[in-house]
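S.K.: Next up, work-v3.cif (mmCIF, C-alpha atoms).
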data_model
loop_
_atom_site.label_atom_id
_atom_site.label_comp_id
_atom_site.auth_asym_id
_atom_site.auth_seq_id
_atom_site.Cartn_x
_atom_site.Cartn_y
_atom_site.Cartn_z
CA MET A 26 -6.61 -14.70 17.92
CA LYS A 27 -3.88 -15.91 15.56
CA LYS A 28 -4.01 -12.64 13.61
CA ALA A 29 -3.57 -10.60 16.80
CA PHE A 30 -0.68 -12.80 17.89
CA LEU A 31 0.92 -12.51 14.45
CA CYS A 32 0.51 -8.71 14.50
CA LEU A 33 2.10 -8.59 17.96
CA ILE A 34 5.08 -10.63 16.79
CA ILE A 35 5.56 -8.46 13.69
CA THR A 36 5.33 -5.29 15.78
CA LEU A 37 7.88 -6.58 18.29
CA CYS A 38 10.21 -7.57 15.47
CA LEU A 39 9.94 -4.13 13.90
CA PHE A 40 10.77 -2.43 17.20
CA GLY A 41 13.62 -4.85 17.86
CA CYS A 42 15.08 -4.51 14.39
CA GLN A 43 15.50 -0.75 14.41
CA THR A 44 18.99 0.18 13.34
CA LYS A 45 21.37 2.06 15.54
CA PRO A 46 22.49 5.45 14.25
CA THR A 47 25.81 5.43 12.46
CA THR A 48 28.85 7.12 13.94
CA GLU A 49 28.54 9.84 11.32
CA GLU A 50 24.92 10.51 12.33
CA ILE A 51 25.91 10.66 16.00
CA LEU A 52 28.76 13.09 15.24
CA ARG A 53 26.52 15.30 13.12
CA THR A 54 23.99 15.41 15.97
CA GLN A 55 26.71 16.21 18.52
CA THR A 56 28.06 18.93 16.23
CA GLU A 57 24.60 20.48 15.83
CA HIS A 58 24.17 20.38 19.60
CA PHE A 59 27.54 22.10 20.10
CA LEU A 60 26.65 24.80 17.56
CA GLU A 61 23.31 25.41 19.28
CA LEU A 62 25.12 25.71 22.61
CA THR A 63 27.59 28.25 21.21
CA ASP A 64 24.63 30.37 20.13
CA THR A 65 23.48 30.64 23.75
CA LEU A 66 26.62 30.44 25.89
CA PRO A 67 26.38 31.78 29.45
CA VAL A 68 27.43 35.42 29.32
CA MET A 69 30.64 36.53 30.98
CA PRO A 70 29.73 38.62 34.06
CA GLU A 71 30.20 42.34 33.43
CA ASP A 72 31.47 42.74 36.99
CA LEU A 73 34.50 40.67 36.05
CA PHE A 74 36.28 43.80 34.83
CA ASP A 75 34.87 46.16 37.46
CA ASP A 76 37.80 47.90 39.17
CA ALA A 77 35.60 48.47 42.23
CA LYS A 78 35.59 44.70 42.83
CA THR A 79 38.43 43.10 44.73
CA LEU A 80 40.66 40.56 43.07
CA GLU A 81 39.04 37.84 45.18
CA GLU A 82 35.55 38.89 44.07
CA ARG A 83 36.56 38.94 40.41
CA THR A 84 38.29 35.58 40.77
CA ALA A 85 35.13 34.12 42.31
CA LEU A 86 33.05 35.53 39.43
CA ALA A 87 35.44 34.04 36.88
CA GLU A 88 35.40 30.66 38.61
CA ASP A 89 31.58 30.65 38.77
CA TRP A 90 31.37 31.54 35.09
CA ALA A 91 33.90 28.83 34.18
CA ALA A 92 31.86 26.30 36.20
CA GLN A 93 28.70 27.35 34.33
CA LEU A 94 30.48 26.83 31.02
CA GLN A 95 31.79 23.47 32.20
CA ASP A 96 28.28 22.27 33.05
CA TYR A 97 26.86 23.78 29.87
CA LEU A 98 29.37 22.27 27.43
CA SER A 99 30.12 18.93 29.11
CA PRO A 100 27.48 17.03 27.09
CA VAL A 101 29.49 17.70 23.90
CA MET A 102 33.09 18.44 24.96
CA THR A 103 35.78 16.84 27.10
CA ASP A 104 36.91 18.68 30.24
CA LYS A 105 40.28 19.45 28.65
CA ALA A 106 38.61 20.89 25.53
CA ILE A 107 36.37 23.08 27.69
CA GLU A 108 39.39 24.37 29.61
CA ALA A 109 41.09 25.31 26.33
CA PHE A 110 37.84 26.84 25.07
CA VAL A 111 37.63 29.06 28.16
CA ALA A 112 41.37 29.82 28.22
CA ASN A 113 41.23 31.06 24.62
CA ARG A 114 38.34 33.35 25.58
CA MET A 115 36.14 31.89 22.88
CA PRO A 116 32.98 32.03 25.01
CA GLU A 117 33.05 35.80 25.20
CA GLY A 118 33.23 36.12 21.45
CA PHE A 119 32.75 32.91 19.49
CA ASN A 120 31.80 34.93 16.42
CA ARG A 121 35.00 36.94 16.87
CA PHE A 122 36.95 33.67 16.96
CA LEU A 123 35.33 32.77 13.63
CA GLY A 124 36.11 36.20 12.19
CA PHE A 125 32.55 37.52 12.12
CA GLU A 126 30.93 40.49 13.82
CA GLU A 127 29.83 39.71 17.37
CA THR A 128 26.20 40.58 16.64
CA MET A 129 25.97 38.42 13.53
CA GLN A 130 23.56 35.48 13.64
CA THR A 131 25.49 32.52 12.24
CA GLN A 132 22.75 29.87 12.44
CA ASP A 133 21.66 30.41 8.84
CA CYS A 134 25.11 30.54 7.27
CA ARG A 135 26.64 27.33 8.64
CA GLN A 136 26.47 23.73 7.59
CA ILE A 137 28.27 20.52 8.46
CA SER A 138 30.28 19.92 5.32
CA ASN A 139 32.44 16.90 6.13
CA VAL A 140 32.86 14.01 8.59
CA GLU A 141 36.19 12.24 8.25
CA LYS A 142 37.58 9.26 10.16
CA LEU A 143 41.22 9.65 11.15
CA SER A 144 43.78 6.85 11.43
CA GLY A 145 43.72 6.80 15.25
CA GLY A 146 39.96 6.28 15.46
CA ASP A 147 39.13 9.93 16.06
CA TYR A 148 36.89 11.86 13.69
CA ASP A 149 37.13 15.37 12.31
CA VAL A 150 33.91 17.22 11.57
CA THR A 151 34.12 20.34 9.42
CA VAL A 152 31.54 23.09 9.76
CA THR A 153 31.55 25.62 6.93
CA TYR A 154 30.32 29.15 7.55
CA THR A 155 29.54 31.22 4.45
CA ALA A 156 28.52 34.85 4.92
CA ASP A 157 28.71 37.61 2.35
CA GLU A 158 31.91 36.76 0.50
CA GLN A 159 33.64 35.19 3.48
CA THR A 160 34.01 31.44 4.05
CA VAL A 161 35.33 30.08 7.34
CA LYS A 162 35.84 26.45 8.25
CA LEU A 163 35.62 25.24 11.83
CA LEU A 164 37.27 21.88 12.47
CA LEU A 165 36.00 19.85 15.44
CA ASN A 166 37.98 16.80 16.54
CA PHE A 167 35.89 14.06 18.21
CA LYS A 168 37.09 11.15 20.31
CA GLU A 169 34.95 8.36 21.73
CA THR A 170 34.94 8.52 25.54
CA ALA A 171 33.18 6.56 28.27
CA ASP A 172 30.38 9.16 28.01
CA GLY A 173 30.10 8.88 24.21
CA TRP A 174 31.57 11.01 21.43
CA ARG A 175 33.01 14.32 22.69
CA ILE A 176 34.86 17.22 21.09
CA THR A 177 38.52 17.15 22.13
CA SER A 178 39.63 20.23 20.21
CA LEU A 179 38.42 22.83 17.78
CA ARG A 180 40.22 25.18 15.47
CA ARG A 181 39.51 27.57 12.68
CA ARG A 182 40.81 26.77 9.21
#
Step by step, read the file and then write its structure as structure tokens.

M.R.:
Amino acid sequence: MKKAFLCLIITLCLFGCQTKPTTEEILRTQTEHFLELTDTLPVMPEDLFDDAKTLEERTALAEDWAAQLQDYLSPVMTDKAIEAFVANRMPEGFNRFLGFEETMQTQDCRQISNVEKLSGGDYDVTVTYTADEQTVKLLLNFKETADGWRITSLRRR
């Protein structure tokens, strides 16, 4: 009986003593999640540029698509960052934004190369893409929000 009780106490202590992930681990996970999402972004409707559609119909299509992107990216980005992402037309050609061919699979040529804390409490995470003889760095800026760490901006370096 004492051995069982002792084992129970040790087990409870082990579960209670598990360490929380570090900020760097959280940011790396969020970055990986963002990169996975960019691999499978909702596709821009082809009808968006159909001249047979009225302006109202095309506007509705664009708004629906923007809402899909908002829902899709909100777990990793702030609303303002998503608006900028859509406004810069990155979703229709994220590879193009990076300087790669649209059909190129970038999953195998990217890695998180740096996580750096900035003076204001934000963090920058650098993702390095290396393909053929081309190296591109993507800089993601993270800020802690009420919903956790979210990307507030991204830019190519």

S.K.: Would you mind reading off the distance between atom CA of A:Ser144 and atom CA of A:Lys45, one decimal, in Å?

M.R.: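 Between atom CA of A:Ser144 and atom CA of A:Lys45 the gap works out to 23.3 Å.
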
S.K.: Tell me, in Å to one decimal, how far atom CA of A:Glu141 is from atom CA of A:Glu49.

M.R.: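 For atom CA of A:Glu141 relative to atom CA of A:Glu49, the distance reads 8.6 Å.
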
S.K.: Could you list, as an MDAnalysis selection string, every residue matched by the PyMOL selection byres ((chain A and resi 161) around 9) in this structure?

M.R.: chainID A and resid 123:124 152:156 159:160 162:163 181:182

S.K.: Determine the residue membership of the PyMOL selection byres ((chain A and resi 175) around 12) for the file above and supply it as a ChimeraX atom specification.

M.R.: /A:51-56,58-59,98-107,147-150,165-174,176-179

S.K.: Translate the PyMOL selection byres ((chain A and resi 70-78) around 12), as applied to the file shown, into an explicit residue set as a PyMOL selection string.

M.R.: chain A and resi 66-69+79-91+93+116-117

S.K.: Report the distance between atom CA of A:Asn120 and atom CA of A:Thr63 in Å, rounded to one decimal place.

M.R.: 9.2 Å

S.K.: Which residue, A:Asp96, A:Glu61, A:Glu108, A:Glu50, has the smallest gap to A:Arg135 when you use only C-alpha atoms?

M.R.: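 Ranked by minimum distance to A:Arg135, first place goes to A:Glu61.
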
S.K.: Taking all atoms of stretch 46-63 of chain A that the file lists, what box with edges along x, y and z, padded by 8 Å per side, do you get, with centre and edge lengths in Å to one decimal, as AutoDock Vina command-line options?

M.R.:
--center_x 25.7 --center_y 16.8 --center_z 17.0 --size_x 22.4 --size_y 38.8 --size_z 27.3
